[in-house]
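Trainee: Got a file for you: model_15.cif, mmCIF, C-alpha atoms.
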data_final
loop_
_atom_site.label_atom_id
_atom_site.label_comp_id
_atom_site.auth_asym_id
_atom_site.auth_seq_id
_atom_site.Cartn_x
_atom_site.Cartn_y
_atom_site.Cartn_z
CA MET A 159 5.94 -13.39 -5.19
CA ASP A 160 8.65 -13.80 -7.82
CA PRO A 161 12.19 -14.20 -6.37
CA ALA A 162 13.33 -11.29 -8.51
CA GLU A 163 10.93 -9.06 -6.61
CA LYS A 164 12.46 -9.87 -3.24
CA GLY A 165 16.07 -9.01 -3.98
CA ALA A 166 19.03 -11.21 -3.05
CA ALA A 167 19.26 -12.32 0.56
CA THR A 168 22.44 -11.42 2.43
CA SER A 169 22.36 -14.47 4.68
CA VAL A 170 20.87 -17.92 4.88
CA ALA A 171 17.77 -18.67 6.92
CA HIS A 172 18.10 -21.60 9.30
CA PRO A 173 15.44 -24.18 10.21
CA ARG A 174 12.91 -23.42 12.94
CA GLY A 175 13.63 -19.70 12.83
CA ARG A 176 17.21 -19.90 14.19
CA PRO A 177 19.27 -16.82 13.30
CA SER A 178 21.95 -16.91 10.63
CA ARG A 179 25.58 -16.62 11.60
CA GLY A 180 26.22 -13.97 8.98
CA ARG A 181 26.62 -10.42 10.30
CA PRO A 182 23.51 -8.38 9.52
CA PRO A 183 23.81 -4.92 8.02
CA LYS A 184 24.13 -2.24 10.67
CA LEU A 185 20.69 -1.19 11.88
CA GLN A 186 19.94 2.52 11.65
CA ARG A 187 17.61 3.50 14.47
CA ASN A 188 15.52 6.63 14.47
CA SER A 189 15.20 8.44 17.78
CA ARG A 190 11.53 9.07 18.44
CA GLY A 191 11.78 10.65 21.85
CA GLY A 192 10.65 14.22 22.39
CA PRO A 193 13.15 17.09 22.86
CA GLY A 194 15.31 16.47 25.89
CA ARG A 195 13.69 13.14 26.72
CA GLY A 196 16.17 10.78 25.10
CA VAL A 197 13.50 8.05 25.04
CA GLU A 198 12.94 5.90 21.97
CA LYS A 199 9.42 5.03 20.95
CA PRO A 200 8.80 1.52 19.59
CA PRO A 201 9.72 1.26 15.91
CA HIS A 202 6.82 2.02 13.58
CA LEU A 203 5.58 -1.23 12.02
CA ALA A 204 3.38 -0.66 8.98
CA ALA A 205 1.33 -3.30 7.18
CA LEU A 206 1.45 -2.77 3.44
CA VAL A 207 -0.79 -4.60 0.96
CA LEU A 208 0.13 -4.13 -2.69
CA ALA A 209 -2.98 -4.12 -4.89
CA ARG A 210 -2.41 -2.98 -8.44
CA GLY A 211 -5.48 -2.51 -10.62
CA GLY A 212 -4.11 -4.34 -13.64
CA SER A 213 -4.24 -8.12 -13.24
CA LYS A 214 -3.60 -10.32 -16.27
CA GLY A 215 -5.13 -13.44 -14.73
CA ILE A 216 -8.35 -12.13 -13.13
CA PRO A 217 -9.52 -8.52 -13.76
CA LEU A 218 -9.54 -6.51 -10.51
CA LYS A 219 -8.77 -9.75 -8.66
CA ASN A 220 -7.89 -7.92 -5.45
CA ILE A 221 -11.49 -6.78 -4.90
CA LYS A 222 -13.34 -9.70 -6.48
CA HIS A 223 -15.67 -11.21 -3.89
CA LEU A 224 -14.48 -14.40 -2.22
CA ALA A 225 -17.03 -16.00 0.12
CA GLY A 226 -18.97 -12.74 0.15
CA VAL A 227 -16.01 -10.49 1.01
CA PRO A 228 -13.67 -8.55 -1.35
CA LEU A 229 -10.44 -10.57 -1.55
CA ILE A 230 -8.36 -7.79 -0.04
CA GLY A 231 -10.85 -7.49 2.83
CA TRP A 232 -9.74 -10.81 4.34
CA VAL A 233 -6.11 -9.76 4.88
CA LEU A 234 -7.03 -6.21 5.94
CA ARG A 235 -9.34 -7.60 8.62
CA ALA A 236 -6.54 -9.84 9.91
CA ALA A 237 -3.97 -7.02 9.87
CA LEU A 238 -6.20 -4.53 11.69
CA ASP A 239 -7.40 -7.04 14.28
CA SER A 240 -3.86 -8.22 15.04
CA GLY A 241 -3.23 -4.92 16.86
CA VAL A 242 0.51 -4.98 16.11
CA PHE A 243 0.66 -2.36 13.35
CA GLN A 244 0.88 1.38 13.93
CA SER A 245 -0.62 1.80 10.47
CA VAL A 246 -2.22 -0.39 7.80
CA TRP A 247 -1.85 0.64 4.17
CA VAL A 248 -2.92 -0.41 0.69
CA SER A 249 -0.74 0.70 -2.20
CA THR A 250 -2.84 0.96 -5.35
CA ASP A 251 -3.30 2.82 -8.61
CA HIS A 252 -7.03 2.10 -8.92
CA ASP A 253 -10.03 4.08 -7.61
CA GLU A 254 -12.26 1.06 -6.89
CA ILE A 255 -9.52 -0.68 -4.92
CA GLU A 256 -8.93 2.55 -2.98
CA ASN A 257 -12.62 2.73 -2.04
CA VAL A 258 -12.71 -0.89 -0.83
CA ALA A 259 -9.48 -0.44 1.14
CA LYS A 260 -10.90 2.58 2.97
CA GLN A 261 -14.17 0.75 3.56
CA TYR A 262 -12.19 -1.94 5.42
CA GLY A 263 -10.28 0.59 7.51
CA ALA A 264 -6.96 0.88 5.68
CA GLN A 265 -5.11 4.02 4.64
CA VAL A 266 -4.28 4.34 0.96
CA HIS A 267 -1.01 5.18 -0.77
CA ARG A 268 -1.65 6.11 -4.41
CA ARG A 269 1.25 4.55 -6.20
CA SER A 270 2.73 6.19 -9.26
CA SER A 271 2.50 4.83 -12.79
CA ASP A 272 6.25 4.13 -12.62
CA VAL A 273 5.69 1.28 -10.16
CA SER A 274 2.33 0.12 -11.56
CA LYS A 275 3.59 -1.52 -14.74
CA ASP A 276 3.50 -5.24 -15.51
CA SER A 277 7.29 -5.20 -15.19
CA SER A 278 7.28 -3.42 -11.79
CA THR A 279 8.37 -5.51 -8.81
CA SER A 280 6.96 -5.57 -5.32
CA LEU A 281 10.24 -4.14 -4.08
CA ASP A 282 9.83 -1.12 -6.40
CA ALA A 283 6.38 -0.39 -4.93
CA ILE A 284 7.56 -0.85 -1.32
CA ILE A 285 10.56 1.47 -1.79
CA GLU A 286 8.29 4.13 -3.30
CA PHE A 287 5.96 3.80 -0.30
CA LEU A 288 8.87 4.27 2.11
CA ASN A 289 10.04 7.37 0.22
CA TYR A 290 6.72 8.99 1.15
CA HIS A 291 6.58 7.67 4.72
CA ASN A 292 9.68 8.49 6.72
CA GLU A 293 7.91 7.50 9.94
CA VAL A 294 7.90 3.80 8.98
CA ASP A 295 10.75 1.64 10.37
CA ILE A 296 9.49 -1.86 9.50
CA VAL A 297 7.26 -3.00 6.64
CA GLY A 298 5.02 -6.05 6.84
CA ASN A 299 4.30 -6.68 3.17
CA ILE A 300 1.12 -8.80 3.18
CA GLN A 301 -0.07 -10.48 0.02
CA ALA A 302 -3.68 -9.63 -0.90
CA THR A 303 -4.21 -13.10 -2.33
CA SER A 304 -3.76 -14.96 0.98
CA PRO A 305 -7.32 -14.91 2.41
CA CYS A 306 -6.76 -17.46 5.19
CA LEU A 307 -4.25 -15.30 7.06
CA HIS A 308 -5.02 -14.98 10.78
CA PRO A 309 -4.10 -12.19 13.25
CA THR A 310 -2.20 -14.67 15.43
CA ASP A 311 0.28 -15.27 12.59
CA LEU A 312 1.01 -11.56 12.33
CA GLN A 313 1.27 -11.15 16.11
CA LYS A 314 3.92 -13.86 16.36
CA VAL A 315 5.95 -12.41 13.49
CA ALA A 316 5.82 -8.91 15.01
CA GLU A 317 7.18 -10.41 18.23
CA MET A 318 10.03 -12.05 16.30
CA ILE A 319 10.97 -8.69 14.81
CA ARG A 320 10.52 -6.53 17.91
CA GLU A 321 11.49 -8.86 20.73
CA GLU A 322 13.87 -11.38 19.16
CA GLY A 323 15.71 -8.88 16.98
CA TYR A 324 15.21 -10.36 13.53
CA ASP A 325 15.74 -8.05 10.57
CA SER A 326 13.46 -10.00 8.25
CA VAL A 327 10.87 -12.76 8.60
CA PHE A 328 8.90 -14.43 5.81
CA SER A 329 6.14 -17.04 5.67
CA VAL A 330 6.59 -20.66 4.63
CA VAL A 331 4.50 -23.82 4.52
CA ARG A 332 5.64 -27.42 4.95
CA ARG A 333 5.04 -29.75 2.03
CA HIS A 334 5.56 -33.46 1.65
CA GLN A 335 6.29 -33.62 -2.06
CA PHE A 336 8.97 -35.61 -3.85
CA ARG A 337 10.78 -33.61 -6.50
CA TRP A 338 12.33 -34.85 -9.75
CA SER A 339 14.59 -33.16 -12.30
CA GLU A 340 13.03 -31.93 -15.53
CA ILE A 341 13.61 -33.82 -18.76
CA GLN A 342 14.99 -31.61 -21.52
CA LYS A 343 15.48 -32.96 -25.03
CA GLY A 344 19.09 -32.84 -26.09
CA VAL A 345 20.21 -31.90 -22.58
CA ARG A 346 18.80 -34.44 -20.12
CA GLU A 347 16.88 -37.42 -21.45
CA VAL A 348 16.10 -39.06 -18.11
CA THR A 349 14.80 -37.71 -14.83
CA GLU A 350 16.57 -38.02 -11.48
CA PRO A 351 15.29 -37.75 -7.91
CA LEU A 352 16.10 -34.47 -6.20
CA ASN A 353 15.02 -35.06 -2.61
CA LEU A 354 14.58 -38.80 -2.16
CA ASN A 355 16.13 -42.20 -2.65
CA PRO A 356 13.62 -44.22 -4.73
CA ALA A 357 14.97 -47.43 -3.22
CA LYS A 358 14.06 -46.17 0.25
CA ARG A 359 10.96 -44.06 -0.21
CA PRO A 360 9.99 -42.71 3.23
CA ARG A 361 6.47 -42.84 4.56
CA ARG A 362 4.89 -39.42 5.05
CA GLN A 363 4.90 -39.80 8.84
CA ASP A 364 8.63 -40.65 8.76
CA TRP A 365 9.62 -37.57 6.75
CA ASP A 366 9.57 -33.97 7.94
CA GLY A 367 8.98 -32.69 4.41
CA GLU A 368 10.41 -29.43 3.09
CA LEU A 369 9.70 -25.75 3.63
CA TYR A 370 8.45 -23.61 0.75
CA GLU A 371 7.77 -19.89 0.66
CA ASN A 372 4.02 -19.40 0.39
CA GLY A 373 4.14 -15.65 -0.27
CA SER A 374 1.65 -14.69 2.44
CA PHE A 375 3.94 -12.04 3.93
CA TYR A 376 7.46 -10.62 4.02
CA PHE A 377 8.48 -8.47 7.00
CA ALA A 378 11.68 -6.45 6.71
CA LYS A 379 13.33 -3.49 8.40
CA ARG A 380 13.69 -0.27 6.50
CA HIS A 381 17.46 -0.36 6.11
CA LEU A 382 17.28 -3.74 4.38
CA ILE A 383 14.59 -2.61 1.93
CA GLU A 384 16.54 0.54 1.08
CA MET A 385 19.50 -1.72 0.27
CA GLY A 386 17.28 -3.67 -2.13
CA TYR A 387 16.40 -6.67 0.03
CA LEU A 388 13.20 -8.10 1.51
CA GLN A 389 15.13 -11.02 2.97
CA GLY A 390 18.46 -10.57 4.67
CA GLY A 391 20.35 -9.72 7.84
CA LYS A 392 19.30 -11.76 10.86
CA MET A 393 16.65 -13.74 9.05
CA ALA A 394 14.01 -16.28 9.99
CA TYR A 395 10.95 -17.95 8.54
CA TYR A 396 7.52 -18.31 10.09
CA GLU A 397 5.81 -21.62 9.37
CA MET A 398 2.09 -21.28 8.67
CA LEU A 399 -0.47 -24.05 9.01
CA ALA A 400 -1.08 -25.81 5.70
CA GLU A 401 -4.82 -25.10 5.88
CA HIS A 402 -4.09 -21.36 6.20
CA SER A 403 -1.72 -21.36 3.24
CA VAL A 404 -3.97 -20.36 0.34
CA ASP A 405 -2.80 -18.38 -2.67
CA ILE A 406 -5.04 -17.29 -5.53
CA ASP A 407 -3.27 -16.77 -8.82
CA VAL A 408 -5.67 -18.06 -11.46
CA ASP A 409 -9.44 -18.35 -11.82
CA ILE A 410 -9.42 -22.11 -11.24
CA ASP A 411 -8.14 -21.46 -7.70
CA TRP A 412 -11.23 -19.44 -6.82
CA PRO A 413 -13.83 -22.12 -5.94
CA ILE A 414 -11.20 -24.12 -4.04
CA ALA A 415 -10.09 -21.05 -2.11
CA GLU A 416 -13.71 -20.16 -1.36
CA GLN A 417 -14.29 -23.48 0.38
CA ARG A 418 -11.01 -23.18 2.28
CA VAL A 419 -11.69 -19.66 3.49
CA LEU A 420 -15.20 -20.57 4.64
CA ARG A 421 -13.71 -23.45 6.61
CA TYR A 422 -10.43 -21.95 7.84
CA GLY A 423 -10.66 -18.18 7.29
CA TYR A 424 -10.68 -15.47 9.95
CA PHE A 425 -14.12 -13.93 10.45
CA GLY A 426 -13.35 -11.23 13.00
CA LYS A 427 -12.66 -10.60 16.68
CA GLU A 428 -16.17 -11.26 17.88
CA LYS A 429 -16.87 -14.82 18.92
CA LEU A 430 -19.36 -16.39 16.52
CA LYS A 431 -22.83 -16.85 17.95
CA GLU A 432 -25.56 -19.13 16.70
CA ILE A 433 -28.12 -17.25 14.61
CA LYS A 434 -31.66 -17.48 16.02
CA LEU A 435 -33.48 -14.91 13.86
CA LEU A 436 -33.18 -14.00 10.18
CA VAL A 437 -34.97 -10.87 8.99
CA CYS A 438 -35.24 -10.48 5.22
CA SER A 439 -36.39 -7.53 3.17
CA ILE A 440 -39.24 -8.51 0.87
CA ASP A 441 -38.60 -6.28 -2.15
CA GLY A 442 -35.28 -7.02 -3.84
CA CYS A 443 -34.33 -9.94 -1.55
CA LEU A 444 -37.22 -12.38 -1.36
CA THR A 445 -38.40 -11.00 -4.72
CA ASN A 446 -36.42 -9.46 -7.55
CA GLY A 447 -38.11 -6.12 -6.90
CA HIS A 448 -40.38 -6.35 -9.94
CA ILE A 449 -44.10 -5.79 -9.41
CA TYR A 450 -46.64 -6.93 -11.99
CA VAL A 451 -50.22 -5.66 -12.03
CA SER A 452 -53.02 -7.83 -13.41
CA GLY A 453 -55.95 -6.56 -15.48
CA ASP A 454 -58.08 -6.33 -12.36
CA GLN A 455 -55.40 -4.22 -10.63
CA LYS A 456 -54.09 -7.01 -8.41
CA GLU A 457 -50.41 -6.99 -7.48
CA ILE A 458 -48.35 -9.96 -8.67
CA ILE A 459 -44.85 -10.80 -7.42
CA SER A 460 -42.61 -13.82 -7.87
CA TYR A 461 -39.96 -15.60 -5.84
CA ASP A 462 -37.48 -18.43 -6.42
CA VAL A 463 -38.28 -21.96 -5.24
CA LYS A 464 -34.65 -22.26 -4.10
CA ASP A 465 -35.28 -19.42 -1.65
CA ALA A 466 -38.41 -21.13 -0.34
CA ILE A 467 -36.33 -24.25 0.31
CA GLY A 468 -33.74 -22.12 2.11
CA ILE A 469 -36.46 -20.69 4.37
CA SER A 470 -37.71 -24.20 5.14
CA LEU A 471 -34.20 -25.44 5.99
CA LEU A 472 -33.60 -22.47 8.29
CA LYS A 473 -36.84 -23.08 10.17
CA LYS A 474 -36.02 -26.79 10.54
CA SER A 475 -32.67 -25.74 12.05
CA GLY A 476 -34.41 -23.60 14.65
CA VAL A 477 -33.90 -20.23 12.95
CA GLU A 478 -36.94 -17.94 13.02
CA VAL A 479 -37.45 -16.25 9.61
CA ARG A 480 -39.36 -12.98 9.32
CA PHE A 481 -39.94 -10.53 6.48
CA ILE A 482 -40.11 -6.76 6.39
CA SER A 483 -40.89 -4.03 3.85
CA GLU A 484 -41.13 -0.26 3.86
CA ARG A 485 -43.71 -0.55 1.10
CA ALA A 486 -47.42 -1.13 1.70
CA CYS A 487 -47.34 -4.57 0.10
CA SER A 488 -50.58 -6.41 -0.49
CA LYS A 489 -51.03 -8.77 2.47
CA GLN A 490 -53.26 -10.95 0.32
CA THR A 491 -50.42 -11.33 -2.20
CA LEU A 492 -47.89 -12.14 0.54
CA SER A 493 -50.16 -14.68 2.20
CA SER A 494 -50.53 -16.45 -1.14
CA LEU A 495 -46.79 -17.21 -1.04
CA LYS A 496 -47.53 -19.69 1.79
CA LEU A 497 -44.16 -19.22 3.49
CA ASP A 498 -45.66 -19.40 6.98
CA CYS A 499 -43.48 -16.54 8.26
CA LYS A 500 -44.32 -13.38 10.14
CA MET A 501 -44.34 -10.31 7.90
CA GLU A 502 -44.45 -6.59 8.65
CA VAL A 503 -45.17 -4.13 5.83
CA ASN A 504 -45.42 -0.35 5.47
CA VAL A 505 -42.57 0.03 7.98
CA PRO A 506 -41.01 3.55 8.14
CA ASP A 507 -38.33 2.51 10.68
CA LYS A 508 -37.04 -1.00 10.03
CA LEU A 509 -34.46 -0.92 12.81
CA ALA A 510 -37.14 -0.22 15.43
CA VAL A 511 -39.22 -3.19 14.27
CA VAL A 512 -36.22 -5.56 14.18
CA ASP A 513 -35.20 -4.38 17.65
CA GLU A 514 -38.72 -5.08 18.91
CA TRP A 515 -38.61 -8.60 17.42
CA ARG A 516 -35.18 -9.17 18.96
CA LYS A 517 -36.34 -8.19 22.42
CA GLU A 518 -39.53 -10.23 22.03
CA MET A 519 -37.37 -13.34 21.40
CA GLY A 520 -34.86 -12.47 24.15
CA LEU A 521 -31.92 -12.29 21.73
CA CYS A 522 -28.74 -10.23 21.59
CA TRP A 523 -27.91 -8.51 18.30
CA LYS A 524 -25.19 -11.11 17.56
CA GLU A 525 -27.92 -13.74 17.26
CA VAL A 526 -29.76 -11.80 14.55
CA ALA A 527 -29.05 -11.94 10.80
CA TYR A 528 -30.42 -9.52 8.22
CA LEU A 529 -30.64 -9.71 4.42
CA GLY A 530 -31.32 -6.33 2.83
CA ASN A 531 -30.65 -4.48 -0.39
CA GLU A 532 -31.56 -0.81 -0.04
CA VAL A 533 -30.53 2.38 1.75
CA SER A 534 -33.45 1.82 4.13
CA ASP A 535 -31.77 -1.43 5.26
CA GLU A 536 -28.41 0.16 6.08
CA GLU A 537 -28.91 0.66 9.84
CA CYS A 538 -30.20 -2.88 10.30
CA LEU A 539 -27.31 -4.29 8.30
CA LYS A 540 -24.80 -2.43 10.47
CA ARG A 541 -26.43 -3.42 13.76
CA VAL A 542 -26.96 -7.18 13.44
CA GLY A 543 -24.43 -9.94 14.06
CA LEU A 544 -24.53 -11.22 10.48
CA SER A 545 -25.54 -9.12 7.49
CA GLY A 546 -25.87 -9.89 3.80
CA VAL A 547 -27.09 -8.42 0.53
CA PRO A 548 -27.89 -9.86 -2.92
CA ALA A 549 -25.35 -9.27 -5.68
CA ASP A 550 -27.53 -6.51 -7.18
CA ALA A 551 -28.01 -4.54 -3.95
CA CYS A 552 -27.32 -0.82 -3.92
CA ALA A 553 -23.78 0.39 -3.16
CA THR A 554 -24.76 1.80 0.26
CA ALA A 555 -26.11 -1.56 1.39
CA GLN A 556 -23.09 -3.43 0.03
CA LYS A 557 -20.71 -1.26 2.05
CA ALA A 558 -22.54 -2.08 5.29
CA VAL A 559 -22.38 -5.89 5.21
CA ASN A 560 -20.33 -8.96 6.11
CA TYR A 561 -21.45 -11.00 3.12
CA ILE A 562 -22.34 -10.21 -0.51
CA CYS A 563 -24.18 -13.00 -2.30
CA LYS A 564 -23.31 -14.16 -5.78
CA ALA A 565 -27.02 -14.48 -6.60
CA ASN A 566 -29.38 -11.57 -7.26
CA GLY A 567 -32.45 -10.78 -5.20
CA GLY A 568 -35.35 -13.13 -5.96
CA ARG A 569 -32.91 -15.43 -7.77
CA GLY A 570 -31.45 -17.57 -5.00
CA ALA A 571 -29.76 -14.96 -2.77
CA LEU A 572 -31.85 -15.99 0.25
CA ARG A 573 -30.93 -19.67 -0.18
CA GLU A 574 -27.25 -18.73 -0.57
CA PHE A 575 -27.33 -16.60 2.58
CA ALA A 576 -29.03 -19.47 4.43
CA GLU A 577 -26.13 -21.77 3.46
CA HIS A 578 -23.69 -19.16 4.76
CA ILE A 579 -25.59 -19.04 8.06
CA PHE A 580 -25.42 -22.84 8.36
CA LEU A 581 -21.66 -22.82 7.82
CA LEU A 582 -21.07 -20.10 10.42
CA MET A 583 -23.34 -21.89 12.88
CA GLU A 584 -21.24 -25.02 12.38
CA LYS A 585 -18.07 -23.00 13.06
CA ALA A 586 -19.67 -21.49 16.17
CA ASN A 587 -20.64 -24.93 17.48
CA ASN A 588 -17.19 -26.34 16.78
CA SER A 589 -15.50 -23.46 18.61
CA CYS A 590 -17.73 -24.05 21.65
CA GLN A 591 -16.69 -27.71 21.77
CA LYS A 592 -12.97 -26.92 21.80
#
Write out the structure in this file as structure tokens.

Mentor:
Amino acid sequence: MDPAEKGAATSVAHPRGRPSRGRPPKLQRNSRGGPGRGVEKPPHLAALVLARGGSKGIPLKNIKHLAGVPLIGWVLRAALDSGVFQSVWVSTDHDEIENVAKQYGAQVHRRSSDVSKDSSTSLDAIIEFLNYHNEVDIVGNIQATSPCLHPTDLQKVAEMIREEGYDSVFSVVRRHQFRWSEIQKGVREVTEPLNLNPAKRPRRQDWDGELYENGSFYFAKRHLIEMGYLQGGKMAYYEMLAEHSVDIDVDIDWPIAEQRVLRYGYFGKEKLKEIKLLVCSIDGCLTNGHIYVSGDQKEIISYDVKDAIGISLLKKSGVEVRFISERACSKQTLSSLKLDCKMEVNVPDKLAVVDEWRKEMGLCWKEVAYLGNEVSDEECLKRVGLSGVPADACATAQKAVNYICKANGGRGALREFAEHIFLLMEKANNSCQK
């Protein structure tokens, strides 16, 4: 977030979250007790994610898929699961972003064109939001491009605001970087150290480093924002773990962020369980959905060798792989694929068959994964512990899943989903060992 967007701070933040000695602006409290009660309800804390449709760096960056999830979905999941917000909002001017925000459980504020320009600041958009929402006392402005945010971070900051009386809290990260002055021709011809003595360069372990804003979030009380500040009054920082401090500004950040979020991201409240059964739809997942008919009326389908390798790796890791189709596929054609997996075709109720398989193996739903691509897969996708679809799956299926592959059906989606399963299984095993 650009400093110009935050407004000038009215006091100086002190290390380790100690309050400033400057006098904060007088806090205006709203009485929320009923008539004659004289009892104040807790102040209304609203999470607000700003997600404008126009992005110069990456088109519709806020809903581009990162590790199978729309970028904005990562922070919305963390905000909702933190349990500290009375409401969670996305401020946007774009229909597609609105749809994704609602899909992930957020309310939507349709921002005006006046605060949706390239020159508009975050503060402009937040003030407009408050003008429409008199019930809100505190805003937690969460940056959509910080996908490694965890609910515990937000819970601790909410406590700082509500219990410790801070007027504003913002996120920082500690960095161990030596800074030097910039060389400018005609002004400064040599560089100078800014935060070190070159004659006594400290070792990393002997230096505390410095704190930098990472832009993940800015919490501020209403009266400060209305005065034009996101930082001010009794002010503190919240230091995030370096591995959780990820910001995506340009396309080159994307593959790096994807690896970080898979390793350090927040995947939901439910404790990860090891996957024991993967059920995959045949048409559109194992295959690309195309059916060829030979001159003698025999059905011909194709699949990707990468997917066959993925199936083999899953089976070697102890994951049972089974296939299902609502279509009366040719069993002779399927057997010729030589995948050595159980297959059920001509299935009118896929959920019933998957449930039968689950019970047969003595599994809970959290131990079942499902890769589907059609409306007929929706109930299975919603029920299992881990769900995925190829990139070209129908919109209904995409809305029901945890993970959207980059690859299309029959073109490596199954192998990609297998890799995702392996990574989550690794996370599950690591969490059990802690």

Trainee: So, counting all atoms listed in the file, which residue among A:Leu307, A:Pro228, A:Arg418, A:Leu471 is closest to A:Gln261?

Mentor: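 The answer is A:Pro228, which sits nearest to A:Gln261.
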
Trainee: Show me, as CSV, the residues of stretch 308-332 of chain A having an atom within 12 Å of stretch 200-212 of chain A, each with the closest atom pair and its distance in Å, using only C-alpha atoms.

Mentor:
residue,atom,partner,partner_atom,distance
A:Leu312,CA,A:Ala205,CA,9.7
A:Gln313,CA,A:Leu203,CA,11.6
A:Val315,CA,A:Leu203,CA,11.3
A:Ala316,CA,A:Leu203,CA,8.2
A:Glu317,CA,A:Leu203,CA,11.2
A:Ile319,CA,A:Leu203,CA,9.6
A:Arg320,CA,A:Pro201,CA,8.1
A:Glu321,CA,A:Pro200,CA,10.8
A:Gly323,CA,A:Pro201,CA,11.8

Trainee: Filtering to C-alpha atoms, could you give me those residues as a PDB file, in the frame of the given file?

Mentor:
ATOM      1  CA  LEU A 312       1.010 -11.560  12.330  1.00  0.00           C
ATOM      2  CA  GLN A 313       1.270 -11.150  16.110  1.00  0.00           C
ATOM      3  CA  VAL A 315       5.950 -12.410  13.490  1.00  0.00           C
ATOM      4  CA  ALA A 316       5.820  -8.910  15.010  1.00  0.00           C
ATOM      5  CA  GLU A 317       7.180 -10.410  18.230  1.00  0.00           C
ATOM      6  CA  ILE A 319      10.970  -8.690  14.810  1.00  0.00           C
ATOM      7  CA  ARG A 320      10.520  -6.530  17.910  1.00  0.00           C
ATOM      8  CA  GLU A 321      11.490  -8.860  20.730  1.00  0.00           C
ATOM      9  CA  GLY A 323      15.710  -8.880  16.980  1.00  0.00           C
TER      10      GLY A 323
END

Trainee: Enter the distance from atom CA of A:Ala378 to atom CA of A:Leu288, in Å, rounded to one decimal.

Mentor: 12.0 Å

Trainee: I'd like the interatomic distance between atom CA of A:Met519 and atom CA of A:Tyr561, to a tenth of an Å.

Mentor: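 Taking atom CA of A:Met519 and atom CA of A:Tyr561, their separation equals 24.4 Å.
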
Trainee: Do you have the atom CA of A:Asn531-atom CA of A:Ala551 distance handy?

Mentor: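 One can read the atom CA of A:Asn531 to atom CA of A:Ala551 distance as 4.4 Å.
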
Trainee: Taking the file as shown, find all residues satisfying the PyMOL selection byres ((chain A and resi 442) around 12) and write them as number ranges by chain.

Mentor: A: 438-441, 443-449, 459-462, 481-485, 529-533, 535, 547-552, 555, 565-572
